[in-house]
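**Q** This is the structure I want to talk about, given as structure tokens.
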Amino acid sequence: MKYNEYKNLDYARVGEDILKYWKENRIFEQSVETREGQPTFVFYEGPPSANGTPGIHHVMARAVKDIFCRYKTLQGFQVNRKGGWDTHGLPVELQVEKELGITKEDIGKKISVEEYNARCRETVMRFKSQWDDLTEKMGYWVDLDQPYITFENDYIESVWALLKKLYDKGYLYKGYTIQPFSPAAGTGLSSHELNQPGTYKDVKDTTIVAQFKVKQNEASEKLFTAANSDDVYFLAWTTTPWTLPSNSALAVGKGIRYVQVKTFNPYTHLPVQVILAKDLIGRFFSEKSAGLKFEDYKPGDKQIPFEVVAEYVGSDLNGIEYEQLMPYVQPDTPAFRVIIGDFVTTEDGTGIVHIAPTFGADDFRTAAQQNIPAITVVDDMGKAVPLVDRQGRFVPEVTDYAGKYVKNYDGQDESHADYKTVDVQIAIKLKEENKAFKVEKYEHTYPHCWRTDKPILYYPLDSWFIKTTSVKHRMIELNNTINWKPESTGAGRFGNWLENLVDWNLSRSRYWGTPLPIWRTEDGTEEICIGSIEQLAEEIDRAVDAGLMAEPLPASFDLHRPFVDNIILKSNHGKPMYRETDLIDVWFDSGAMPYAQWHYPIENKDQFKKNFPADFIAEGVDQTRGWFFTLHALAVMLEDSVAFKNVIANGLVLDKNGNKMSKRLGNAVDPFETIGKFGPDATRWYMIVNAPPWDNLKFNTDGVTEVQRRFFGTLQNTYSFFALYANLDNFTFAEAEVPVERRTESDRWIISKLNSLVKVVENYFDDYDPTKAARAIQDFVTDDLSNWYVRLNRKRFWKGEYNEDKMAAYQTLYTCLETVAKLASPIAPFYMDQLFLDLNKVSGKSNSQSVHLERYPKAVENLIDADLEERMALAQTISSLVHSLRKKHTIKVRQPLSRIMMPVLTDKMREQIAAVADLIQTEVNVKNIEFMDDSSAVLVKKIKPNFKRLGQIFGPKLKVVGAAIQGMSQEDIATLERENGFAFIFDEKEEVIITPEDVEISSEDIPGWLVASEGKITVALDTTISEELKQEGIARDLVNRIQNLRKDAGLEVQDKINLEIESENADVKAAVDYFRNYICEETQAVNFEVKNGIENATEIDLDGMLLKLGLTIAK
RNA sequence: GGGCUUGUAGCUCAGGUGGUUAGAGCGCUACACUGAUAAUGUAGAGGUCCGUGGUUCGAGUCCACGCAGGCCCA
């Protein structure tokens, strides 16, 4: 049996072949089955949506997931990976609407809800086969055969069951949220409808800077100290004066600077003191008025004097109370105070923002967080409603403006002289009451309803909520136990989000989604939340008995709209109950997957228990407030637990210029094309090795090419090298392993390095840092294994008998390759499996059918030898220095030299170098390494201050001391070393003593020699070339030329040859004479004749020495 | 506008707790090597460490304020 040898390996082909092999041998299934009974590693698949085609970023995200699942499998864990599909939601609906050429308005009219939803169901899985294809081709192992699908009845039923649990715990309630609303059309608008072209228009509105009078009490005392007897007001600007009756708070920016200004109201001319942002004084007070005297002011003067009397920061003002501006309706709980708002700026207005929680999303959110009530009235149904009704008119309680439209919704002629908007009427009233500081027209853009062209209002609309705020504290607490990669996403983005948590708005007014399972009586006094199909059937039976329904629930029933909408249930008091028409947020669907993927809690209790919470999940960072949040929120509320213990939030995949990929711009990278061209392994390896997953990746195929060449090319070369000679020698790893202590220094070194590698890679994987793992593996393969170990040991493989040393070399290299295959298999699953299989096919060392069924290698501590690794590093540095010296003096490596000399300052260093002397000598072609120490007395030493140490001792004096140290003479340094101390005298009095620990002494120069140094290592090269050395150089040159001839003649490595040589040159003759055996051995010549008149001779020029060579195959 | 994040050589990236000469790979140039050869070695060119201020004897590193890109949220 031979090791496979490849000419021009096709990496894409490797992917295809191995994929076929996996399928035929059920490797994925086996990797789960063979771990039966072992501890589980729980992974959750964040469901993608198959209504679009997959992109290259999906390869990235899924590579990250796959890596850790494979790694944990190698470690012996059982890792079930259930696939899943996210099927509900707006993108699906929009796509369907686009394809049908309809709008939301047409649903239920031009097309029935039933047909519409059928269309959605069909559309959402349209690209499933493409997704499945990519999943396989990129090597993402996930169970595609039994995925969870969010639109299936079982899934929806689970979601209902969870909703009911939340309902029973009191977490579900009906409230309102501020949404764009068109009073003219009587409907809410989605944000996407608001983004239609033409909805934002320039309009001129009356704006008011209102004066809110500060209440004098303990909290506000500081304002009045500055004010003497004047009244103090907050100034706040609004472009929607009709919201002023609904004001219940004022918001300031925490860090913004505010001033208190003494002046006069321009309309009433009364003395006032007003508070506004310091940066905005110029907007309200003219420079020209700066020096005016207050006693000179007469009512009506154009120039109004002003004076800054005090200054505050926003946090100083927090909590100060003020009098209600337009007291039509009183709130139930305390309001009218200053709060901190994160959205406050000094871009425009006054730096103080008027808050009307019923008419602004920021207002609503901030007020809710800081316990500020909204101003509402109670309607006929006993429900709290805002001061403006759904037609856009003030309610009767706002007496002065009752029934008036807040915008021109009733088509009045605005050009008429008597036309006054409600905003203007409010402005007039406030001016009269000394409550307006400035009134002016202001042009700005304002959104309009795309159907009616009338301005929209931000308006509270009914919504169902989950009371996440009630578990906020627990969510934060549990979040702190989650290992986030990167940490900042957990602490920052996610942590801040939790800190500012508001209740989860569950309602969506759509058609294709999980229906909210709540039925209510028309007056809202009775309701029921349904938690299962069984319960629904029972309730329907009751309704049938009461005559509300005609038939019981059929055996097969779709839980979507419109079918559930047609169900009418019977309340306890016998009234009919209708379903709340809302669908739920699709994020609830995906957040419910830990439960619903098993149809839990309806069934599969054990399955669920075994698979909750997840050990690991990974998705894009954009999921922080999406999937990560909903998973966490549901787990905390339902199970009082985290949903996941470790999470990687990966970044975006951008194009090579750092721009977002988009199909529209045409810069999107096709994953099939990339994998087809470079193969899945190089693609994955590039993505992982290039940057940590949580950084954005600038995807550049040049990088994939580089990875393919540098890493896979080198590894493959190394394998080919091994296979070539192992096949010649029939090495099958049949013999017992050569004991490590009988192996060479370099064998033990690479084994030590290998074991160190196993350790660090394990640590990196355990730390969920695949990039560092990949880089460590790559460095090992390219630098240690290929460029050093193999290069230094080439001869051992192709020269001489199949003896123990050769066996040791094969075994060592085999072990390295096999171990690398295992270590790297999570990242490059196809290629590494091929490598493993190619090796194992011959050796039969393992019974596994795949590297993915293997166990992760264990590092053997006593094979790791730090001293050995250190001295090999020394050998590398020294070799590099000698190469550099040879280069400088143009002495080629083939020319042997007699010796190098090295100053050594410690015995340890001498021992270390002596141990690797052979290697160095071979590598740089010198005969001897000699050491020098202090006793040789020719060393020139260099001294360098240890700044870190000296800085701590001398602080500011470091500059002088440092300079003094660097100025020390050779004698000074000798004194310091001899007496373990050296004294400087500064300014003729101050004595400073330094010790050898305060400095670093190195030897840098040897007078009369060629030297090179790096760090503490200095090498001197003896460049004298004796006659004998010269001849040996010629011999080596000859060998080189003969080898070239062999190669040119197309000889195989093992072919023997006859040699003939002819030359007049005495040196050549001498070299041939003296090194005949050496030349024969190196070139596998069985005969070597010096003669004249060679047939078919090749003429050779060795640095000016001419000769002729004849070469024939020896039979 | 807010939160988070990134900014180091032409490109992709390293640079624990501050230490004086900022590194690697690729690319470029030159030379060498040649039974791993579409490989390899050596050397060279290439840096306002995004900017400005500050702390410090000393800042790529710490602080503040900006600038530019990105994500999420408004």
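In the structure tokens, the first chain shown is A, the next is B, and so on; residue numbers restart at 1 for each chain, and ligands run from 1 in the order shown.
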Find the residues of chain A in contact range of chain B, meaning any atom within 7 Å when counting only C-alpha atoms (C1' of nucleotides), and list them as an mmCIF file with N, CA and C atoms, in the first residue's frame.
**A**
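The new file result_37.cif reads:
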data_model
loop_
_atom_site.group_PDB
_atom_site.id
_atom_site.type_symbol
_atom_site.label_atom_id
_atom_site.label_comp_id
_atom_site.auth_asym_id
_atom_site.auth_seq_id
_atom_site.Cartn_x
_atom_site.Cartn_y
_atom_site.Cartn_z
ATOM 1 N N ASP A 342 -31.301 61.006 26.838
ATOM 2 C CA ASP A 342 -30.061 60.777 26.084
ATOM 3 C C ASP A 342 -30.130 61.388 24.688
ATOM 4 N N PHE A 343 -31.338 61.827 24.283
ATOM 5 C CA PHE A 343 -31.495 62.328 22.921
ATOM 6 C C PHE A 343 -31.401 63.853 22.859
ATOM 7 N N THR A 489 -19.239 43.458 23.336
ATOM 8 C CA THR A 489 -20.612 43.348 22.860
ATOM 9 C C THR A 489 -21.542 42.980 24.018
ATOM 10 N N GLY A 492 -21.061 46.106 26.661
ATOM 11 C CA GLY A 492 -21.437 47.388 26.086
ATOM 12 C C GLY A 492 -22.764 47.348 25.390
ATOM 13 N N ARG A 493 -22.736 46.867 24.184
ATOM 14 C CA ARG A 493 -23.935 46.935 23.362
ATOM 15 C C ARG A 493 -25.123 46.241 24.025
ATOM 16 N N ASP A 622 -25.246 42.052 14.525
ATOM 17 C CA ASP A 622 -26.522 42.736 14.322
ATOM 18 C C ASP A 622 -27.670 42.013 15.016
ATOM 19 N N ASN A 690 -7.517 35.374 8.949
ATOM 20 C CA ASN A 690 -7.238 36.755 8.575
ATOM 21 C C ASN A 690 -7.526 37.741 9.699
ATOM 22 N N ASN A 717 3.073 20.282 0.222
ATOM 23 C CA ASN A 717 4.455 20.019 -0.150
ATOM 24 C C ASN A 717 5.127 19.106 0.857
ATOM 25 N N THR A 718 4.884 19.409 2.117
ATOM 26 C CA THR A 718 5.485 18.626 3.179
ATOM 27 C C THR A 718 4.986 17.186 3.115
ATOM 28 N N PHE A 721 6.499 15.431 0.099
ATOM 29 C CA PHE A 721 7.873 15.073 0.403
ATOM 30 C C PHE A 721 7.913 13.778 1.204
ATOM 31 N N HIS A 883 24.406 33.508 7.635
ATOM 32 C CA HIS A 883 23.974 33.713 6.260
ATOM 33 C C HIS A 883 24.140 35.163 5.858
ATOM 34 N N SER A 884 23.773 36.004 6.793
ATOM 35 C CA SER A 884 23.841 37.424 6.515
ATOM 36 C C SER A 884 25.295 37.866 6.313
ATOM 37 N N LYS A 887 26.574 36.600 3.010
ATOM 38 C CA LYS A 887 25.983 37.433 1.969
ATOM 39 C C LYS A 887 26.779 38.731 1.802
ATOM 40 N N PHE A 947 15.512 50.634 31.275
ATOM 41 C CA PHE A 947 14.693 51.818 31.557
ATOM 42 C C PHE A 947 13.551 51.538 32.512
ATOM 43 N N LYS A 948 12.961 50.379 32.347
ATOM 44 C CA LYS A 948 11.806 50.053 33.176
ATOM 45 C C LYS A 948 12.192 50.098 34.655
ATOM 46 N N GLY A 955 12.967 58.033 38.375
ATOM 47 C CA GLY A 955 11.908 58.932 37.908
ATOM 48 C C GLY A 955 12.472 60.012 37.008
ATOM 49 N N PRO A 956 12.229 61.264 37.361
ATOM 50 C CA PRO A 956 12.637 62.373 36.494
ATOM 51 C C PRO A 956 14.135 62.435 36.214
ATOM 52 N N LYS A 957 14.938 61.832 37.116
ATOM 53 C CA LYS A 957 16.385 61.908 36.899
ATOM 54 C C LYS A 957 16.881 60.914 35.836
ATOM 55 N N LEU A 958 15.930 60.129 35.338
ATOM 56 C CA LEU A 958 16.296 59.060 34.426
ATOM 57 C C LEU A 958 17.099 59.545 33.218
ATOM 58 N N LYS A 959 16.726 60.712 32.732
ATOM 59 C CA LYS A 959 17.379 61.212 31.526
ATOM 60 C C LYS A 959 18.893 61.337 31.724
ATOM 61 N N VAL A 1053 15.019 9.521 -8.533
ATOM 62 C CA VAL A 1053 15.814 9.717 -7.331
ATOM 63 C C VAL A 1053 16.719 8.519 -7.037
#
**Q** Could you find all residues in segment 117-214 of chain A that DSSP calls strand (DSSP E) from the backbone, and write them as an MDAnalysis selection string?
**A** chainID A and resid 143:149 172:182 187:188 200:213
**Q** Need to verify the contact set: C28 of chain B, 10 Å, only C-alpha atoms (C1' of nucleotides), exclusion of same-chain residues closer than 4 positions in sequence. Can you return it as a VMD selection string?
**A** chain B and resid 10 45 to 46
**Q** Just how far from atom CA of Gln716 of chain A is atom CA of Ser752 of chain A, in Å to one decimal?
**A**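 So the answer is 22.0 Å.
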**Q** Going by DSSP on the backbone, which bits of segment 640-680 of chain A are alpha helix (DSSP H)? Write them as a PyMOL selection string, please.
**A** chain A and resi 671-680
**Q** Excluding segment 992-1003 of chain A and residues on its chain fewer than 2 positions from it, collect all residues at most 9 Å away from it, counting only C-alpha atoms (C1' of nucleotides), and give them as a PyMOL selection string.
**A** chain A and resi 903-905+939-950+961+965+973+976-977+979-986+990+1005-1006+1013+1015-1018
**Q** I'd like the interatomic distance between atom CA of Met549 of chain A and atom CA of Arg579 of chain A, to a tenth of an Å.
**A**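 About the pair atom CA of Met549 of chain A and atom CA of Arg579 of chain A: they are 13.7 Å apart.
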